[in-house]
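Participant: Just one file: query.cif, with mmCIF, C-alpha atoms.
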```cif
data_input
#
loop_
_atom_site.group_PDB
_atom_site.id
_atom_site.type_symbol
_atom_site.label_atom_id
_atom_site.label_comp_id
_atom_site.auth_asym_id
_atom_site.auth_seq_id
_atom_site.Cartn_x
_atom_site.Cartn_y
_atom_site.Cartn_z
ATOM 1 C CA MET A 22 0.000 0.000 0.000
ATOM 2 C CA THR A 23 2.017 2.922 -1.295
ATOM 3 C CA ASP A 24 -0.530 5.687 -1.801
ATOM 4 C CA ARG A 25 -0.790 7.813 1.359
ATOM 5 C CA ARG A 26 -4.391 8.859 0.720
ATOM 6 C CA GLU A 27 -5.437 5.277 0.147
ATOM 7 C CA PHE A 28 -3.708 4.218 3.381
ATOM 8 C CA GLU A 29 -5.427 7.004 5.353
ATOM 9 C CA LYS A 30 -8.780 5.946 3.925
ATOM 10 C CA VAL A 31 -8.193 2.330 4.963
ATOM 11 C CA PHE A 32 -7.068 3.480 8.395
ATOM 12 C CA ARG A 33 -10.152 5.638 8.975
ATOM 13 C CA SER A 34 -12.612 3.063 7.727
ATOM 14 C CA HIS A 35 -11.197 -0.013 9.513
ATOM 15 C CA TYR A 36 -9.571 1.274 12.716
ATOM 16 C CA ASP A 37 -12.699 1.100 14.910
ATOM 17 C CA GLY A 38 -13.538 -2.486 14.004
ATOM 18 C CA MET A 39 -9.951 -3.588 14.498
ATOM 19 C CA TYR A 40 -9.783 -1.815 17.849
ATOM 20 C CA ARG A 41 -13.055 -3.406 19.039
ATOM 21 C CA LEU A 42 -11.735 -6.870 18.170
ATOM 22 C CA ALA A 43 -8.485 -6.227 20.025
ATOM 23 C CA MET A 44 -10.387 -4.908 23.065
ATOM 24 C CA LYS A 45 -12.566 -8.038 23.128
ATOM 25 C CA MET A 46 -9.512 -10.238 23.069
ATOM 26 C CA LEU A 47 -7.188 -8.252 25.339
ATOM 27 C CA GLY A 48 -9.478 -6.186 27.539
ATOM 28 C CA ASN A 49 -6.856 -3.449 27.683
ATOM 29 C CA ASP A 50 -7.141 -0.089 25.931
ATOM 30 C CA ALA A 51 -3.412 0.637 25.557
ATOM 31 C CA GLU A 52 -2.521 -2.868 24.382
ATOM 32 C CA SER A 53 -5.432 -2.863 21.936
ATOM 33 C CA LYS A 54 -4.336 0.439 20.414
ATOM 34 C CA ASP A 55 -0.758 -0.865 20.200
ATOM 35 C CA VAL A 56 -1.860 -4.018 18.376
ATOM 36 C CA VAL A 57 -3.909 -2.066 15.828
ATOM 37 C CA SER A 58 -1.056 0.408 15.351
ATOM 38 C CA ASP A 59 1.378 -2.465 14.824
ATOM 39 C CA VAL A 60 -0.849 -3.961 12.143
ATOM 40 C CA PHE A 61 -1.082 -0.634 10.323
ATOM 41 C CA ALA A 62 2.651 0.019 10.700
ATOM 42 C CA HIS A 63 3.418 -3.391 9.248
ATOM 43 C CA LEU A 64 0.985 -2.777 6.408
ATOM 44 C CA LEU A 65 2.515 0.625 5.685
ATOM 45 C CA HIS A 66 6.121 -0.582 5.708
ATOM 46 C CA SER A 67 5.642 -3.953 4.051
ATOM 47 C CA GLY A 68 4.312 -2.543 0.807
ATOM 48 C CA THR A 69 1.691 -5.280 0.708
ATOM 49 C CA ASN A 70 -0.877 -4.838 -2.044
ATOM 50 C CA LEU A 71 -4.313 -5.739 -0.799
ATOM 51 C CA ARG A 72 -7.508 -6.305 -2.692
ATOM 52 C CA SER A 73 -10.517 -4.378 -1.440
ATOM 53 C CA GLU A 74 -12.668 -7.515 -1.274
ATOM 54 C CA THR A 75 -10.277 -9.213 1.196
ATOM 55 C CA LEU A 76 -8.971 -6.150 3.014
ATOM 56 C CA GLN A 77 -11.276 -6.271 6.039
ATOM 57 C CA ALA A 78 -10.714 -10.009 6.566
ATOM 58 C CA PHE A 79 -6.952 -9.525 6.264
ATOM 59 C CA LEU A 80 -6.888 -6.665 8.789
ATOM 60 C CA LEU A 81 -9.089 -8.467 11.333
ATOM 61 C CA THR A 82 -7.089 -11.676 10.980
ATOM 62 C CA SER A 83 -3.890 -9.705 11.483
ATOM 63 C CA VAL A 84 -5.285 -8.139 14.658
ATOM 64 C CA ARG A 85 -6.480 -11.508 15.939
ATOM 65 C CA ASN A 86 -3.079 -13.111 15.318
ATOM 66 C CA ARG A 87 -1.203 -10.284 17.020
ATOM 67 C CA CYS A 88 -3.541 -10.472 20.016
ATOM 68 C CA ILE A 89 -3.005 -14.210 20.299
ATOM 69 C CA ASN A 90 0.765 -13.743 20.097
ATOM 70 C CA LEU A 91 0.634 -11.068 22.797
ATOM 71 C CA LEU A 92 -1.517 -13.216 25.090
ATOM 72 C CA VAL A 93 0.782 -16.217 24.662
ATOM 73 C CA HIS A 94 3.835 -14.034 25.339
ATOM 74 C CA LYS A 95 2.265 -12.556 28.480
ATOM 75 C CA GLN A 96 1.284 -16.000 29.748
ATOM 76 C CA LYS A 97 4.804 -17.359 29.251
ATOM 77 C CA GLU A 98 6.289 -14.293 30.919
ATOM 78 C CA GLN A 99 4.007 -14.686 33.942
ATOM 79 C CA GLN A 100 4.943 -18.361 34.237
ATOM 80 C CA MET A 101 8.635 -17.482 34.106
ATOM 81 C CA GLN A 102 8.240 -14.787 36.741
ATOM 82 C CA GLN A 103 6.406 -17.164 39.046
ATOM 83 C CA ALA A 104 9.079 -19.809 38.570
ATOM 84 C CA ILE A 105 11.812 -17.290 39.389
ATOM 85 C CA VAL A 106 10.147 -16.288 42.644
ATOM 86 C CA VAL A 107 9.365 -19.858 43.678
ATOM 87 C CA GLU A 108 12.875 -21.083 42.931
ATOM 88 C CA MET A 109 14.798 -17.940 43.866
ATOM 89 C CA ILE A 110 17.104 -19.488 46.469
ATOM 90 C CA THR A 111 18.352 -23.073 46.350
ATOM 91 C CA PRO A 112 17.757 -25.236 49.422
ATOM 92 C CA GLU A 113 21.464 -26.060 49.903
ATOM 93 C CA ARG A 114 22.114 -22.762 51.758
ATOM 94 C CA THR A 115 19.168 -22.519 54.087
ATOM 95 C CA ASN A 116 15.924 -24.229 54.860
ATOM 96 C CA GLU A 117 12.713 -23.125 53.208
ATOM 97 C CA GLN A 118 11.465 -20.993 56.119
ATOM 98 C CA GLU A 119 14.748 -19.053 56.282
ATOM 99 C CA GLN A 120 14.605 -18.507 52.537
ATOM 100 C CA LEU A 121 11.176 -16.959 52.780
ATOM 101 C CA GLN A 122 12.238 -14.760 55.684
ATOM 102 C CA MET A 123 15.285 -13.537 53.763
ATOM 103 C CA LEU A 124 13.158 -12.861 50.706
ATOM 104 C CA HIS A 125 10.531 -10.933 52.691
ATOM 105 C CA ARG A 126 13.166 -8.964 54.583
ATOM 106 C CA TYR A 127 14.929 -7.943 51.374
ATOM 107 C CA ILE A 128 11.638 -6.913 49.782
ATOM 108 C CA ASP A 129 10.678 -4.847 52.861
ATOM 109 C CA GLU A 130 14.057 -3.128 53.128
ATOM 110 C CA HIS A 131 15.059 -2.574 49.516
ATOM 111 C CA MET A 132 11.963 -2.351 47.340
ATOM 112 C CA PRO A 133 9.769 0.713 46.764
ATOM 113 C CA LYS A 134 6.387 0.547 48.483
ATOM 114 C CA LEU A 135 4.514 0.064 45.206
ATOM 115 C CA SER A 136 6.784 -2.820 44.202
ATOM 116 C CA GLN A 137 6.248 -4.445 47.602
ATOM 117 C CA GLN A 138 2.485 -4.198 47.196
ATOM 118 C CA ILE A 139 2.571 -5.546 43.654
ATOM 119 C CA LEU A 140 4.817 -8.487 44.592
ATOM 120 C CA ARG A 141 2.595 -9.457 47.503
ATOM 121 C CA LEU A 142 -0.636 -9.143 45.555
ATOM 122 C CA ARG A 143 0.799 -11.206 42.711
ATOM 123 C CA TYR A 144 2.623 -13.965 44.568
ATOM 124 C CA GLN A 145 0.923 -14.182 47.959
ATOM 125 C CA GLN A 146 -2.626 -13.566 46.835
ATOM 126 C CA GLY A 147 -2.243 -14.895 43.290
ATOM 127 C CA LEU A 148 -3.955 -11.918 41.658
ATOM 128 C CA LYS A 149 -3.712 -11.211 37.938
ATOM 129 C CA TYR A 150 -2.108 -8.077 36.505
ATOM 130 C CA ARG A 151 -5.506 -6.570 35.737
ATOM 131 C CA GLU A 152 -6.741 -7.160 39.313
ATOM 132 C CA ILE A 153 -3.587 -5.672 40.822
ATOM 133 C CA ALA A 154 -3.813 -2.638 38.529
ATOM 134 C CA LYS A 155 -7.407 -2.049 39.563
ATOM 135 C CA ILE A 156 -6.677 -2.379 43.304
ATOM 136 C CA LEU A 157 -3.642 -0.089 43.209
ATOM 137 C CA GLN A 158 -5.138 2.244 40.595
ATOM 138 C CA VAL A 159 -2.196 1.928 38.219
ATOM 139 C CA SER A 160 -1.924 0.602 34.677
ATOM 140 C CA GLU A 161 -1.219 -3.031 33.859
ATOM 141 C CA VAL A 162 1.986 -1.832 32.219
ATOM 142 C CA THR A 163 3.060 -0.353 35.569
ATOM 143 C CA VAL A 164 2.328 -3.667 37.274
ATOM 144 C CA HIS A 165 4.334 -5.523 34.645
ATOM 145 C CA ASN A 166 7.275 -3.107 34.866
ATOM 146 C CA HIS A 167 7.432 -3.214 38.673
ATOM 147 C CA LEU A 168 7.296 -7.015 38.688
ATOM 148 C CA SER A 169 9.989 -7.344 36.040
ATOM 149 C CA GLN A 170 12.312 -4.871 37.756
ATOM 150 C CA SER A 171 11.680 -6.315 41.215
ATOM 151 C CA LEU A 172 12.336 -9.868 40.111
ATOM 152 C CA GLN A 173 15.549 -8.842 38.392
ATOM 153 C CA LYS A 174 16.641 -6.957 41.513
ATOM 154 C CA LEU A 175 15.891 -9.990 43.701
ATOM 155 C CA LYS A 176 17.719 -12.308 41.346
ATOM 156 C CA ASP A 177 20.777 -10.040 41.193
ATOM 157 C CA HIS A 178 20.880 -9.588 44.972
ATOM 158 C CA PHE A 179 20.656 -13.258 45.867
ATOM 159 C CA LYS A 180 23.056 -14.276 43.143
ATOM 160 C CA ALA A 181 25.589 -11.681 44.357
ATOM 161 C CA SER A 182 25.041 -12.900 47.936
ATOM 162 C CA GLY A 183 26.202 -16.357 46.949
ATOM 163 C CA TYR A 184 22.887 -18.115 46.751
ATOM 164 C CA GLY A 185 22.342 -20.393 43.825
ATOM 165 C CA ILE A 186 19.809 -18.969 41.428
ATOM 166 C CA LYS A 187 17.986 -21.402 39.222
#
```
Before we go any further, please render this structure as structure tokens.

Facilitator:
Amino acid sequence: MTDRREFEKVFRSHYDGMYRLAMKMLGNDAESKDVVSDVFAHLLHSGTNLRSETLQAFLLTSVRNRCINLLVHKQKEQQMQQAIVVEMITPERTNEQEQLQMLHRYIDEHMPKLSQQILRLRYQQGLKYREIAKILQVSEVTVHNHLSQSLQKLKDHFKASGYGIK
């Protein structure tokens, strides 16, 4: 799609439907807008020639596929983060109770208050990102960023302290 006017016309006429589909699948405004923008950016830069009779189906399928990829990625990331927390310290150094105490003490002493709250809501109460975001009145992206940074900080600290990190 090389003609700018043609691209703008496609954008205006199909954006709302694509956004609604992404919202149904993701339930998140920012992620939905990002997915639709990614589809249009790919379309703009790929130079793909599309036929008008298949355009809508192509765009909606592209949105659906990107949403599925995002959901799968988020699920795998959450599983990895849970595994990191559960297996943070190897049992050779201390018993399980001491490990938990060390972990809680480090979180209390070295993590920002918001990170502490997010970690506890996620791993002690088992809440999802969306639930945590709603409780703390922050975005899901903020929840994700705090968890990622906190887990990396925990991993670095315990690895530097001589504890085996799996």

Participant: Can you tell me how far CA of Asn86 in chain A sits from CA of Leu42 in chain A, in Å to one decimal?

Facilitator: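 According to the coordinates, CA of Asn86 in chain A and CA of Leu42 in chain A are separated by 11.0 Å.
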
Participant: Excluding same-chain residues fewer than 5 positions from Gln103 in chain A, what lies within 12 Å of it counting only C-alpha atoms, as a PyMOL selection string?

Facilitator: chain A and resi 96-98+108-109+140+143-145+147-149+168-169+172

Participant: Separation of CA of Gln99 in chain A and CA of Tyr150 in chain A, in Å?

Facilitator: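 Interatomic distance here is 9.4 Å.
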
Participant: Can you tell me how far CA of Val56 in chain A sits from CA of Cys88 in chain A, in Å to one decimal?

Facilitator: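 Straight-line distance from CA of Val56 in chain A to CA of Cys88 in chain A works out to 6.9 Å.
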
Participant: Which residues come within 8 Å of range 26-38 of chain A, counting only C-alpha atoms, excluding same-chain residues fewer than 6 positions away, as a list in words?

Facilitator: Val57, Phe61, Leu65, Gln77, Leu80 and Leu81 of chain A

Participant: Go ahead and write the selection's residues with C-alpha atoms as a PDB file, in the frame of the given file.

Facilitator:
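Full text of result-v2.pdb as output:
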```
ATOM      1  CA  VAL A  57      -3.909  -2.066  15.828  1.00  0.00           C
ATOM      2  CA  PHE A  61      -1.082  -0.634  10.323  1.00  0.00           C
ATOM      3  CA  LEU A  65       2.515   0.625   5.685  1.00  0.00           C
ATOM      4  CA  GLN A  77     -11.276  -6.271   6.039  1.00  0.00           C
ATOM      5  CA  LEU A  80      -6.888  -6.665   8.789  1.00  0.00           C
ATOM      6  CA  LEU A  81      -9.089  -8.467  11.333  1.00  0.00           C
TER       7      LEU A  81
END
```

Participant: Quick one: of A:Leu91, A:Met39, A:Val106, A:Leu175, who's nearest to Ala78 in chain A, counting all atoms listed in the file?

Facilitator: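 Using all atoms listed in the file, the shortest distance to Ala78 in chain A belongs to A:Met39.
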
Participant: Taking all atoms listed in the file into account, name the residue in A:Lys180, A:Arg126, A:His165, A:Arg141 that is nearest to Lys95 in chain A.

Facilitator: A:His165

Participant: Of the residues A:Ala104, A:Val84, A:Ile153, A:Leu121, which is the one nearest to Val60 in chain A, using only C-alpha atoms?

Facilitator: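 Nearest to Val60 in chain A: A:Val84.
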
Participant: Select, from A:Ile139, A:Val159, A:Leu124, A:Ile89, the residue with the minimum atom-to-atom distance to His178 in chain A, counting all atoms listed in the file.

Facilitator: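 So, comparing all the options, the nearest one is A:Leu124.
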
Participant: Considering all atoms listed in the file, return as an MDAnalysis selection string whatever protein or nucleic-acid residues lie within 12 Å of Gln158 in chain A, sequence-local ones (same chain, fewer than 6 positions apart) excluded.

Facilitator: chainID A and resid 135 138:139 150:152 164

Participant: Could you check the closest approach to Tyr40 in chain A for each of A:Arg72, A:His94, A:Arg85, A:His66 and tell me which residue wins, using all atoms listed in the file?

Facilitator: A:Arg85

Participant: Of the candidates A:Thr69, A:Gln137, A:Ser53, A:Gln146, which shows the shortest atom-to-atom distance to His125 in chain A, using only C-alpha atoms?

Facilitator: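 So, comparing all the options, the nearest one is A:Gln137.
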